[in-house]
>>> print(open('coords18.csv').read())   # CSV, C-alpha atoms
chain,number,residue,atom,x,y,z
A,1,MET,CA,-2.9,15.8,8.7
A,2,SER,CA,-6.5,14.7,8.5
A,3,ASN,CA,-8.2,12.6,5.8
A,4,GLY,CA,-10.1,14.2,2.9
A,5,PRO,CA,-12.2,13.0,0.0
A,6,ALA,CA,-11.0,10.3,-2.4
A,7,GLY,CA,-8.2,11.2,-4.8
A,8,ARG,CA,-8.7,12.5,-8.3
A,9,THR,CA,-6.5,11.1,-11.0
A,10,ALA,CA,-4.8,12.4,-14.1
A,11,ARG,CA,-7.0,11.5,-17.1
A,12,SER,CA,-5.6,8.3,-18.6
A,13,THR,CA,-5.2,7.7,-22.3
A,14,VAL,CA,-4.5,4.0,-22.0
A,15,ARG,CA,-6.8,1.8,-24.1
A,16,PRO,CA,-6.5,-1.8,-25.3
A,17,ASN,CA,-4.6,-2.2,-28.5
A,18,PRO,CA,-7.3,-2.9,-31.1
A,19,GLU,CA,-5.1,-5.5,-32.9
A,20,THR,CA,-3.7,-7.4,-29.9
A,21,ALA,CA,-6.3,-6.6,-27.3
A,22,VAL,CA,-3.5,-6.1,-24.8
A,23,ARG,CA,-3.0,-2.9,-22.7
A,24,ALA,CA,0.4,-1.3,-22.8
A,25,PRO,CA,2.5,-0.4,-19.7
A,26,MET,CA,2.5,3.3,-18.8
A,27,ARG,CA,3.9,5.7,-16.3
A,28,THR,CA,2.2,8.9,-15.3
A,29,PHE,CA,1.6,11.3,-12.3
A,30,LEU,CA,-1.7,11.1,-10.6
A,31,HIS,CA,-3.0,14.0,-8.5
A,32,THR,CA,-4.5,13.4,-5.1
A,33,ALA,CA,-7.5,15.2,-3.6
A,34,ASP,CA,-5.1,17.5,-1.8
A,35,GLY,CA,-3.1,18.2,-4.9
A,36,ILE,CA,0.0,16.0,-4.5
A,37,PRO,CA,1.5,14.5,-7.7
A,38,ILE,CA,2.0,10.8,-7.3
A,39,ASP,CA,4.5,8.9,-9.5
A,40,SER,CA,2.6,5.8,-10.8
A,41,VAL,CA,3.2,2.8,-13.0
A,42,TYR,CA,0.7,0.5,-14.7
A,43,ASN,CA,1.7,-3.0,-15.8
A,44,PRO,CA,-0.9,-4.9,-17.7
A,45,GLY,CA,0.5,-8.1,-16.4
A,46,THR,CA,0.8,-11.4,-18.3
A,47,VAL,CA,-3.0,-11.9,-18.5
A,48,VAL,CA,-4.4,-11.1,-21.9
A,49,TYR,CA,-7.1,-8.5,-21.9
A,50,ASP,CA,-10.2,-9.5,-23.7
A,51,ALA,CA,-12.6,-6.7,-24.4
A,52,SER,CA,-15.5,-9.2,-25.0
A,53,ALA,CA,-14.9,-11.0,-21.7
A,54,SER,CA,-16.9,-10.4,-18.6
A,55,PRO,CA,-15.5,-7.4,-16.7
A,56,SER,CA,-15.7,-9.3,-13.5
A,57,ARG,CA,-12.7,-11.3,-14.7
A,58,ASP,CA,-10.5,-8.2,-15.1
A,59,LEU,CA,-8.3,-8.1,-12.0
A,60,VAL,CA,-5.8,-5.5,-10.9
A,61,PHE,CA,-3.5,-5.3,-7.9
A,62,VAL,CA,-2.7,-1.8,-6.4
A,63,VAL,CA,0.5,-2.2,-4.4
A,64,ALA,CA,1.2,0.1,-1.4
A,65,HIS,CA,4.9,0.0,-0.5
A,66,GLY,CA,6.5,0.4,2.9
A,67,PHE,CA,8.1,3.5,4.5
A,68,THR,CA,11.2,4.6,2.6
A,69,GLY,CA,10.3,2.5,-0.5
A,70,ASP,CA,9.3,3.9,-3.9
A,71,VAL,CA,8.0,2.6,-7.2
A,72,ASP,CA,11.6,2.0,-8.6
A,73,ARG,CA,13.0,0.1,-5.6
A,74,PRO,CA,14.0,-3.5,-6.6
A,75,HIS,CA,11.9,-5.0,-3.8
A,76,VAL,CA,8.8,-3.2,-5.0
A,77,ARG,CA,9.4,-4.2,-8.6
A,78,ARG,CA,9.8,-7.8,-7.5
A,79,VAL,CA,6.4,-7.7,-5.8
A,80,ALA,CA,4.8,-6.2,-8.9
A,81,ALA,CA,6.4,-8.9,-11.1
A,82,ALA,CA,5.1,-11.7,-8.9
A,83,LEU,CA,1.5,-10.3,-8.8
A,84,ALA,CA,1.6,-9.6,-12.6
A,85,ARG,CA,1.2,-13.4,-13.1
A,86,HIS,CA,-2.3,-13.1,-11.7
A,87,GLY,CA,-3.5,-9.8,-13.1
A,88,ALA,CA,-2.5,-6.2,-13.9
A,89,VAL,CA,-0.6,-4.2,-11.4
A,90,VAL,CA,-0.5,-0.5,-10.4
A,91,THR,CA,2.4,0.6,-8.3
A,92,PHE,CA,3.1,4.1,-7.1
A,93,SER,CA,5.4,6.1,-4.8
A,94,PHE,CA,3.7,7.5,-1.7
A,95,ARG,CA,4.0,11.3,-1.1
A,96,GLY,CA,7.5,12.3,0.0
A,97,HIS,CA,9.0,9.2,-1.6
A,98,GLY,CA,10.9,8.9,-4.9
A,99,ALA,CA,9.6,11.3,-7.6
A,100,SER,CA,6.3,11.9,-6.0
A,101,GLY,CA,5.6,15.4,-4.5
A,102,GLY,CA,4.8,16.4,-1.0
A,103,ARG,CA,6.2,15.0,2.3
A,104,SER,CA,5.5,11.8,4.0
A,105,THR,CA,2.9,11.8,6.8
A,106,VAL,CA,3.9,8.2,7.7
A,107,GLY,CA,0.5,6.7,7.0
A,108,ASP,CA,-2.0,9.5,7.5
A,109,ARG,CA,-2.7,11.4,4.3
A,110,GLU,CA,-1.1,8.5,2.3
A,111,VAL,CA,-4.7,7.2,2.2
A,112,LEU,CA,-5.4,9.8,-0.4
A,113,ASP,CA,-2.4,8.6,-2.5
A,114,LEU,CA,-3.9,5.1,-2.5
A,115,ALA,CA,-7.3,6.4,-3.3
A,116,ALA,CA,-5.9,8.1,-6.4
A,117,ALA,CA,-4.2,4.9,-7.6
A,118,VAL,CA,-7.4,2.8,-7.0
A,119,GLU,CA,-9.5,5.3,-9.0
A,120,TRP,CA,-6.9,5.2,-11.8
A,121,ALA,CA,-7.2,1.4,-11.9
A,122,ARG,CA,-10.9,1.7,-12.2
A,123,GLU,CA,-10.5,4.2,-15.0
A,124,LEU,CA,-8.4,1.8,-16.9
A,125,GLY,CA,-11.4,-0.6,-17.0
A,126,HIS,CA,-10.6,-3.0,-14.2
A,127,ALA,CA,-13.7,-4.3,-12.5
A,128,ARG,CA,-11.9,-6.1,-9.6
A,129,VAL,CA,-9.4,-4.2,-7.5
A,130,VAL,CA,-7.3,-5.7,-4.8
A,131,THR,CA,-5.1,-3.5,-2.6
A,132,VAL,CA,-1.8,-5.1,-1.3
A,133,GLY,CA,0.1,-3.1,1.3
A,134,PHE,CA,3.4,-3.7,3.2
A,135,SER,CA,4.3,-2.3,6.6
A,136,MET,CA,3.2,1.4,6.4
A,137,GLY,CA,1.4,0.5,3.2
A,138,GLY,CA,-0.2,-2.3,5.1
A,139,SER,CA,-1.7,0.1,7.5
A,140,VAL,CA,-2.8,2.4,4.6
A,141,VAL,CA,-4.7,-0.3,2.8
A,142,LEU,CA,-6.6,-1.1,6.0
A,143,ARG,CA,-7.6,2.5,6.6
A,144,HIS,CA,-8.4,3.1,2.9
A,145,ALA,CA,-10.7,0.1,2.8
A,146,ALA,CA,-12.5,1.4,6.0
A,147,LEU,CA,-12.7,5.1,5.0
A,148,HIS,CA,-13.2,5.0,1.2
A,149,ARG,CA,-14.1,1.4,0.4
A,150,GLY,CA,-14.3,0.8,-3.4
A,151,VAL,CA,-12.0,-2.3,-3.4
A,152,ASP,CA,-12.9,-6.0,-3.8
A,153,ALA,CA,-10.3,-7.5,-1.4
A,154,VAL,CA,-7.5,-6.3,0.9
A,155,VAL,CA,-4.1,-7.8,1.7
A,156,SER,CA,-2.1,-6.3,4.6
A,157,VAL,CA,1.4,-7.5,5.1
A,158,SER,CA,3.6,-6.7,8.2
A,159,SER,CA,1.2,-3.9,9.3
A,160,PRO,CA,1.2,-2.4,12.8
A,161,ALA,CA,-2.0,-2.7,14.7
A,162,ARG,CA,-1.6,0.5,16.7
A,163,TRP,CA,0.2,3.8,16.5
A,164,TYR,CA,3.3,5.1,18.4
A,165,TYR,CA,4.7,1.6,19.0
A,166,ARG,CA,8.3,1.7,20.3
A,167,GLY,CA,8.7,-1.8,21.7
A,168,THR,CA,11.5,-2.9,19.3
A,169,ALA,CA,14.9,-1.3,18.4
A,170,PRO,CA,13.9,-0.8,14.7
A,171,MET,CA,10.8,1.1,15.7
A,172,ARG,CA,12.7,3.3,18.2
A,173,ARG,CA,15.1,4.2,15.3
A,174,LEU,CA,12.1,4.9,13.0
A,175,HIS,CA,10.6,7.3,15.6
A,176,TRP,CA,13.9,9.1,15.8
A,177,LEU,CA,14.0,9.4,12.0
A,178,VAL,CA,10.5,10.9,11.9
A,179,THR,CA,10.4,13.1,15.0
A,180,ARG,CA,13.9,14.6,15.1
A,181,PRO,CA,15.2,17.3,12.7
A,182,GLU,CA,18.5,15.4,12.2
A,183,GLY,CA,16.5,12.2,11.6
A,184,ARG,CA,14.5,13.9,8.9
A,185,LEU,CA,17.7,15.0,7.3
A,186,VAL,CA,18.9,11.4,7.2
A,187,GLY,CA,15.6,10.4,5.7
A,188,ARG,CA,15.8,13.1,3.0
A,189,TYR,CA,19.4,12.6,1.9
A,190,GLY,CA,20.1,9.0,2.9
A,191,LEU,CA,16.8,7.3,2.2
A,192,ARG,CA,15.2,9.5,-0.5
A,193,THR,CA,12.2,10.1,1.8
A,194,ARG,CA,11.0,13.6,2.7
A,195,ILE,CA,9.2,13.5,6.0
A,196,HIS,CA,6.7,16.1,7.2
A,197,HIS,CA,7.7,18.0,10.3
A,198,LYS,CA,4.2,18.4,11.8
A,199,GLU,CA,2.6,16.0,14.2
A,200,TRP,CA,-0.7,14.3,13.4
A,201,ARG,CA,-3.7,16.5,14.3
A,202,PRO,CA,-6.0,14.8,14.7
A,203,VAL,CA,-4.5,11.4,15.2
A,204,PRO,CA,-5.8,9.2,12.3
A,205,LEU,CA,-7.9,6.1,12.8
A,206,SER,CA,-5.6,3.3,13.8
A,207,PRO,CA,-5.3,0.1,11.8
A,208,VAL,CA,-7.0,-2.0,14.5
A,209,GLN,CA,-9.9,0.5,14.7
A,210,ALA,CA,-10.2,0.5,10.9
A,211,VAL,CA,-10.4,-3.3,10.5
A,212,PRO,CA,-14.0,-3.8,11.7
A,213,LYS,CA,-15.2,-1.2,9.2
A,214,ILE,CA,-13.8,-3.2,6.2
A,215,ALA,CA,-16.4,-6.0,6.4
A,216,PRO,CA,-17.7,-7.6,4.3
A,217,THR,CA,-14.8,-7.0,2.0
A,218,PRO,CA,-12.4,-10.0,2.1
A,219,LEU,CA,-9.3,-9.3,4.2
A,220,LEU,CA,-6.0,-11.2,4.5
A,221,ILE,CA,-3.5,-10.3,7.2
A,222,VAL,CA,0.0,-11.7,6.7
A,223,HIS,CA,2.9,-11.4,9.2
A,224,GLY,CA,6.2,-13.1,9.7
A,225,ASP,CA,7.0,-14.8,13.0
A,226,GLN,CA,10.5,-13.2,12.8
A,227,ASP,CA,9.3,-9.7,12.2
A,228,GLY,CA,11.8,-7.4,13.9
A,229,TYR,CA,9.6,-4.3,13.8
A,230,PHE,CA,6.2,-5.6,15.0
A,231,PRO,CA,5.8,-8.7,17.1
A,232,LEU,CA,2.9,-11.2,16.7
A,233,ASP,CA,0.6,-9.4,19.0
A,234,HIS,CA,0.0,-6.8,16.2
A,235,PRO,CA,-1.4,-9.2,13.6
A,236,ARG,CA,-3.3,-11.1,16.2
A,237,MET,CA,-5.0,-7.9,17.3
A,238,LEU,CA,-5.9,-7.1,13.7
A,239,ALA,CA,-7.2,-10.6,13.2
A,240,ALA,CA,-9.3,-10.5,16.4
A,241,ALA,CA,-10.8,-7.1,15.3
A,242,ALA,CA,-11.6,-8.6,11.8
A,243,GLY,CA,-13.5,-11.5,13.2
A,244,ASP,CA,-15.0,-13.9,10.7
A,245,HIS,CA,-14.4,-11.7,7.6
A,246,GLY,CA,-10.6,-11.7,8.1
A,247,GLU,CA,-7.9,-14.4,7.6
A,248,LEU,CA,-4.5,-14.5,9.3
A,249,TRP,CA,-1.4,-16.1,7.9
A,250,VAL,CA,1.6,-16.3,10.2
A,251,GLU,CA,4.6,-17.1,8.1
A,252,PRO,CA,7.3,-19.2,9.7
A,253,GLY,CA,10.8,-17.7,9.4
A,254,MET,CA,9.6,-14.5,7.6
A,255,GLY,CA,10.9,-11.1,8.7
A,256,HIS,CA,9.4,-7.7,7.8
A,257,ALA,CA,7.6,-6.5,4.7
A,258,GLU,CA,8.6,-6.7,1.0
A,259,HIS,CA,12.2,-7.5,1.6
A,260,ALA,CA,11.3,-10.6,3.6
A,261,ALA,CA,8.3,-11.9,1.5
A,262,PRO,CA,9.5,-14.9,-0.6
A,263,ASP,CA,8.2,-15.4,-4.1
A,264,ALA,CA,6.2,-18.4,-3.0
A,265,LEU,CA,4.3,-16.3,-0.5
A,266,LEU,CA,3.6,-13.6,-3.2
A,267,THR,CA,2.2,-16.4,-5.4
A,268,ARG,CA,-0.1,-17.6,-2.6
A,269,ILE,CA,-1.3,-14.0,-2.1
A,270,GLY,CA,-2.1,-13.7,-5.8
A,271,ASP,CA,-4.0,-16.9,-5.7
A,272,TRP,CA,-6.0,-15.9,-2.6
A,273,ALA,CA,-6.8,-12.5,-4.2
A,274,ALA,CA,-8.0,-14.0,-7.5
A,275,ALA,CA,-10.2,-16.4,-5.6
A,276,GLN,CA,-11.6,-13.9,-3.1
A,277,ALA,CA,-12.2,-10.8,-5.3
A,278,GLY,CA,-14.8,-12.4,-7.5
>>> encode(input="coords18.csv", output="structure tokens")
Amino acid sequence: MSNGPAGRTARSTVRPNPETAVRAPMRTFLHTADGIPIDSVYNPGTVVYDASASPSRDLVFVVAHGFTGDVDRPHVRRVAAALARHGAVVTFSFRGHGASGGRSTVGDREVLDLAAAVEWARELGHARVVTVGFSMGGSVVLRHAALHRGVDAVVSVSSPARWYYRGTAPMRRLHWLVTRPEGRLVGRYGLRTRIHHKEWRPVPLSPVQAVPKIAPTPLLIVHGDQDGYFPLDHPRMLAAAAGDHGELWVEPGMGHAEHAAPDALLTRIGDWAAAQAG
């Protein structure tokens, strides 16, 4: 489950409407560098597209959901709706999730899925791309920015810092889900998530190893102080590895990932991204 080259996308036919100068929403399947079809949605947001404006003002968010999420989950749609007030939004289902093909590698080859979505956002004419990831998606945006670059800012929410963490009950349950045949059956039929049976070979670059390679791209690390999956040593490790180019927000009372992120926080993330991705 090693990383390959950046993804290649399905050829898009989206263009600004010549009368309204507003892009239309669309849904399509992108194809990754290793041939996996990825169910993807484009929302032009509430910002009017002006073909005569400087392309540097044309902002898009590419949202990477957490494990067992998908593009149609209500919590993913809520994040997309909040960020759409700041720019266009691309959402997609990682491999093995929802209608996408393949099987989940729990953060390894998912970097190729994100690469395909980022490339699609560029094809649509967006000059500024911000990746926003949650939990597993938070680790993917860090590794994508380190390995493939090509983005203007990165936001990682509720990400682990290191692999194989089993220090909390939710993470012990997740490891059972991923590593045991009966757990993978629960994932497939109970959580709509098809999980690959093979172990990582080689073990991918960890999030904390990836973070120093992201500089000078602006990086925001967000974590709840009530996160039941990853305690605060994880975001603090990431922030220490980021040094001066990273910013850490520890959110009082917040739990884990998209479900726990209030709308006010999503608005602050959108404001930060719009300011930093110039």
>>> closest_residue(input="coords18.csv", among="A:Arg73, A:His196, A:His175, A:His245", to="A:Gly98", atoms="all atoms listed in the file")
A:Arg73
>>> residues_around(input="coords18.csv", residues="stretch 79-89 of chain A", least_positions_apart="6", cutoff="7 Å", atoms="only C-alpha atoms", output="list in words")
Tyr42, Asn43, Pro44, Gly45, Thr46, Val47, Leu59, Val60, Phe61, Val62, Asp263, Leu266, Thr267 and Gly270 of chain A
>>> closest_residue(input="coords18.csv", among="A:Leu248, A:Met26, A:Gly228, A:Ala277", to="A:Arg166", atoms="only C-alpha atoms")
A:Gly228
>>> residues_around(input="coords18.csv", residues="A:Ser135", least_positions_apart="4", cutoff="10 Å", atoms="all atoms listed in the file", output="list in words")
Ala64, His65, Gly66, Phe67, Gly107, Ser139, Val140, Val141, Ser156, Val157, Ser158, Ser159, Pro160, His223, Tyr229, Phe230, His256, Ala257 and Glu258 of chain A
>>> atom_distance(input="coords18.csv", atom1="atom CA of A:His197", atom2="atom CA of A:Gly102")
11.8 Å
>>> atom_distance(input="coords18.csv", atom1="atom CA of A:Glu251", atom2="atom CA of A:Asp227")
9.7 Å
>>> closest_residue(input="coords18.csv", among="A:Gly253, A:Gly138, A:Pro202, A:Gly187", to="A:Leu219", atoms="all atoms listed in the file")
A:Gly138
>>> atom_distance(input="coords18.csv", atom1="atom CA of A:Ala239", atom2="atom CA of A:Leu112")
24.6 Å
>>> closest_residue(input="coords18.csv", among="A:Lys213, A:Arg201, A:Arg188, A:Arg173", to="A:Arg143", atoms="all atoms listed in the file")
A:Lys213
>>> closest_residue(input="coords18.csv", among="A:Ala273, A:Leu185, A:Met254, A:Leu238", to="A:Pro218", atoms="all atoms listed in the file")
A:Ala273
>>> closest_residue(input="coords18.csv", among="A:Arg236, A:His148, A:Arg192, A:His259", to="A:Val111", atoms="all atoms listed in the file")
A:His148
>>> residues_around(input="coords18.csv", residues="A:Phe92", least_positions_apart="2", cutoff="7 Å", atoms="all atoms listed in the file", output="PyMOL selection string")
chain A and resi 38-41+70-71+90+94
>>> decode(input="coords18.csv", residues="stretch 82-105 of chain A", atoms="N, CA, C and O atoms", output="PDB file, in the first residue's frame")
ATOM      1  N   ALA A  82     -20.998  24.936   5.353  1.00  0.00           N
ATOM      2  CA  ALA A  82     -20.359  26.012   6.116  1.00  0.00           C
ATOM      3  C   ALA A  82     -19.205  26.636   5.335  1.00  0.00           C
ATOM      4  O   ALA A  82     -19.060  27.866   5.278  1.00  0.00           O
ATOM      5  N   LEU A  83     -18.381  25.805   4.707  1.00  0.00           N
ATOM      6  CA  LEU A  83     -17.227  26.326   3.967  1.00  0.00           C
ATOM      7  C   LEU A  83     -17.658  27.005   2.670  1.00  0.00           C
ATOM      8  O   LEU A  83     -16.935  27.875   2.152  1.00  0.00           O
ATOM      9  N   ALA A  84     -18.829  26.630   2.121  1.00  0.00           N
ATOM     10  CA  ALA A  84     -19.303  27.231   0.878  1.00  0.00           C
ATOM     11  C   ALA A  84     -19.586  28.720   1.022  1.00  0.00           C
ATOM     12  O   ALA A  84     -19.686  29.429   0.019  1.00  0.00           O
ATOM     13  N   ARG A  85     -19.686  29.209   2.255  1.00  0.00           N
ATOM     14  CA  ARG A  85     -19.859  30.649   2.458  1.00  0.00           C
ATOM     15  C   ARG A  85     -18.574  31.423   2.212  1.00  0.00           C
ATOM     16  O   ARG A  85     -18.582  32.648   2.132  1.00  0.00           O
ATOM     17  N   HIS A  86     -17.455  30.680   2.103  1.00  0.00           N
ATOM     18  CA  HIS A  86     -16.157  31.326   1.887  1.00  0.00           C
ATOM     19  C   HIS A  86     -15.585  31.057   0.499  1.00  0.00           C
ATOM     20  O   HIS A  86     -14.635  31.720   0.076  1.00  0.00           O
ATOM     21  N   GLY A  87     -16.094  30.063  -0.202  1.00  0.00           N
ATOM     22  CA  GLY A  87     -15.576  29.718  -1.523  1.00  0.00           C
ATOM     23  C   GLY A  87     -16.263  28.474  -2.045  1.00  0.00           C
ATOM     24  O   GLY A  87     -17.208  27.959  -1.437  1.00  0.00           O
ATOM     25  N   ALA A  88     -15.795  27.986  -3.169  1.00  0.00           N
ATOM     26  CA  ALA A  88     -16.307  26.732  -3.709  1.00  0.00           C
ATOM     27  C   ALA A  88     -15.827  25.568  -2.850  1.00  0.00           C
ATOM     28  O   ALA A  88     -14.865  25.698  -2.079  1.00  0.00           O
ATOM     29  N   VAL A  89     -16.500  24.418  -2.983  1.00  0.00           N
ATOM     30  CA  VAL A  89     -16.158  23.256  -2.169  1.00  0.00           C
ATOM     31  C   VAL A  89     -16.189  21.997  -3.033  1.00  0.00           C
ATOM     32  O   VAL A  89     -17.148  21.760  -3.765  1.00  0.00           O
ATOM     33  N   VAL A  90     -15.143  21.189  -2.923  1.00  0.00           N
ATOM     34  CA  VAL A  90     -15.103  19.844  -3.491  1.00  0.00           C
ATOM     35  C   VAL A  90     -15.147  18.853  -2.339  1.00  0.00           C
ATOM     36  O   VAL A  90     -14.319  18.925  -1.418  1.00  0.00           O
ATOM     37  N   THR A  91     -16.126  17.959  -2.373  1.00  0.00           N
ATOM     38  CA  THR A  91     -16.174  16.855  -1.424  1.00  0.00           C
ATOM     39  C   THR A  91     -16.104  15.551  -2.208  1.00  0.00           C
ATOM     40  O   THR A  91     -16.440  15.500  -3.393  1.00  0.00           O
ATOM     41  N   PHE A  92     -15.657  14.491  -1.559  1.00  0.00           N
ATOM     42  CA  PHE A  92     -15.536  13.199  -2.241  1.00  0.00           C
ATOM     43  C   PHE A  92     -15.566  12.098  -1.198  1.00  0.00           C
ATOM     44  O   PHE A  92     -15.358  12.337   0.001  1.00  0.00           O
ATOM     45  N   SER A  93     -15.830  10.892  -1.640  1.00  0.00           N
ATOM     46  CA  SER A  93     -15.761   9.718  -0.770  1.00  0.00           C
ATOM     47  C   SER A  93     -14.428   9.016  -1.000  1.00  0.00           C
ATOM     48  O   SER A  93     -14.075   8.686  -2.140  1.00  0.00           O
ATOM     49  N   PHE A  94     -13.689   8.804   0.069  1.00  0.00           N
ATOM     50  CA  PHE A  94     -12.451   8.037  -0.047  1.00  0.00           C
ATOM     51  C   PHE A  94     -12.730   6.635  -0.581  1.00  0.00           C
ATOM     52  O   PHE A  94     -13.849   6.108  -0.452  1.00  0.00           O
ATOM     53  N   ARG A  95     -11.730   6.015  -1.163  1.00  0.00           N
ATOM     54  CA  ARG A  95     -11.847   4.628  -1.631  1.00  0.00           C
ATOM     55  C   ARG A  95     -12.401   3.736  -0.521  1.00  0.00           C
ATOM     56  O   ARG A  95     -12.062   3.887   0.658  1.00  0.00           O
ATOM     57  N   GLY A  96     -13.281   2.824  -0.934  1.00  0.00           N
ATOM     58  CA  GLY A  96     -13.888   1.923   0.036  1.00  0.00           C
ATOM     59  C   GLY A  96     -15.043   2.518   0.813  1.00  0.00           C
ATOM     60  O   GLY A  96     -15.663   1.829   1.618  1.00  0.00           O
ATOM     61  N   HIS A  97     -15.344   3.790   0.563  1.00  0.00           N
ATOM     62  CA  HIS A  97     -16.421   4.472   1.276  1.00  0.00           C
ATOM     63  C   HIS A  97     -17.513   4.874   0.289  1.00  0.00           C
ATOM     64  O   HIS A  97     -17.227   5.344  -0.810  1.00  0.00           O
ATOM     65  N   GLY A  98     -18.774   4.715   0.698  1.00  0.00           N
ATOM     66  CA  GLY A  98     -19.881   5.152  -0.133  1.00  0.00           C
ATOM     67  C   GLY A  98     -19.851   4.508  -1.505  1.00  0.00           C
ATOM     68  O   GLY A  98     -19.642   3.306  -1.655  1.00  0.00           O
ATOM     69  N   ALA A  99     -20.046   5.335  -2.544  1.00  0.00           N
ATOM     70  CA  ALA A  99     -20.103   4.835  -3.917  1.00  0.00           C
ATOM     71  C   ALA A  99     -18.742   4.740  -4.587  1.00  0.00           C
ATOM     72  O   ALA A  99     -18.645   4.282  -5.730  1.00  0.00           O
ATOM     73  N   SER A 100     -17.676   5.176  -3.917  1.00  0.00           N
ATOM     74  CA  SER A 100     -16.343   5.070  -4.506  1.00  0.00           C
ATOM     75  C   SER A 100     -15.917   3.613  -4.601  1.00  0.00           C
ATOM     76  O   SER A 100     -16.403   2.750  -3.862  1.00  0.00           O
ATOM     77  N   GLY A 101     -15.006   3.321  -5.510  1.00  0.00           N
ATOM     78  CA  GLY A 101     -14.520   1.965  -5.684  1.00  0.00           C
ATOM     79  C   GLY A 101     -13.408   1.633  -4.701  1.00  0.00           C
ATOM     80  O   GLY A 101     -13.049   2.416  -3.833  1.00  0.00           O
ATOM     81  N   GLY A 102     -12.864   0.445  -4.867  1.00  0.00           N
ATOM     82  CA  GLY A 102     -11.721   0.023  -4.075  1.00  0.00           C
ATOM     83  C   GLY A 102     -12.056  -0.291  -2.630  1.00  0.00           C
ATOM     84  O   GLY A 102     -13.218  -0.398  -2.238  1.00  0.00           O
ATOM     85  N   ARG A 103     -11.001  -0.434  -1.827  1.00  0.00           N
ATOM     86  CA  ARG A 103     -11.141  -0.701  -0.409  1.00  0.00           C
ATOM     87  C   ARG A 103     -10.270   0.261   0.380  1.00  0.00           C
ATOM     88  O   ARG A 103      -9.198   0.664  -0.074  1.00  0.00           O
ATOM     89  N   SER A 104     -10.725   0.609   1.556  1.00  0.00           N
ATOM     90  CA  SER A 104     -10.006   1.577   2.389  1.00  0.00           C
ATOM     91  C   SER A 104      -8.671   1.004   2.852  1.00  0.00           C
ATOM     92  O   SER A 104      -8.592  -0.138   3.317  1.00  0.00           O
ATOM     93  N   THR A 105      -7.629   1.816   2.745  1.00  0.00           N
ATOM     94  CA  THR A 105      -6.331   1.474   3.325  1.00  0.00           C
ATOM     95  C   THR A 105      -6.074   2.318   4.573  1.00  0.00           C
ATOM     96  O   THR A 105      -4.946   2.410   5.045  1.00  0.00           O
TER      97      THR A 105
END
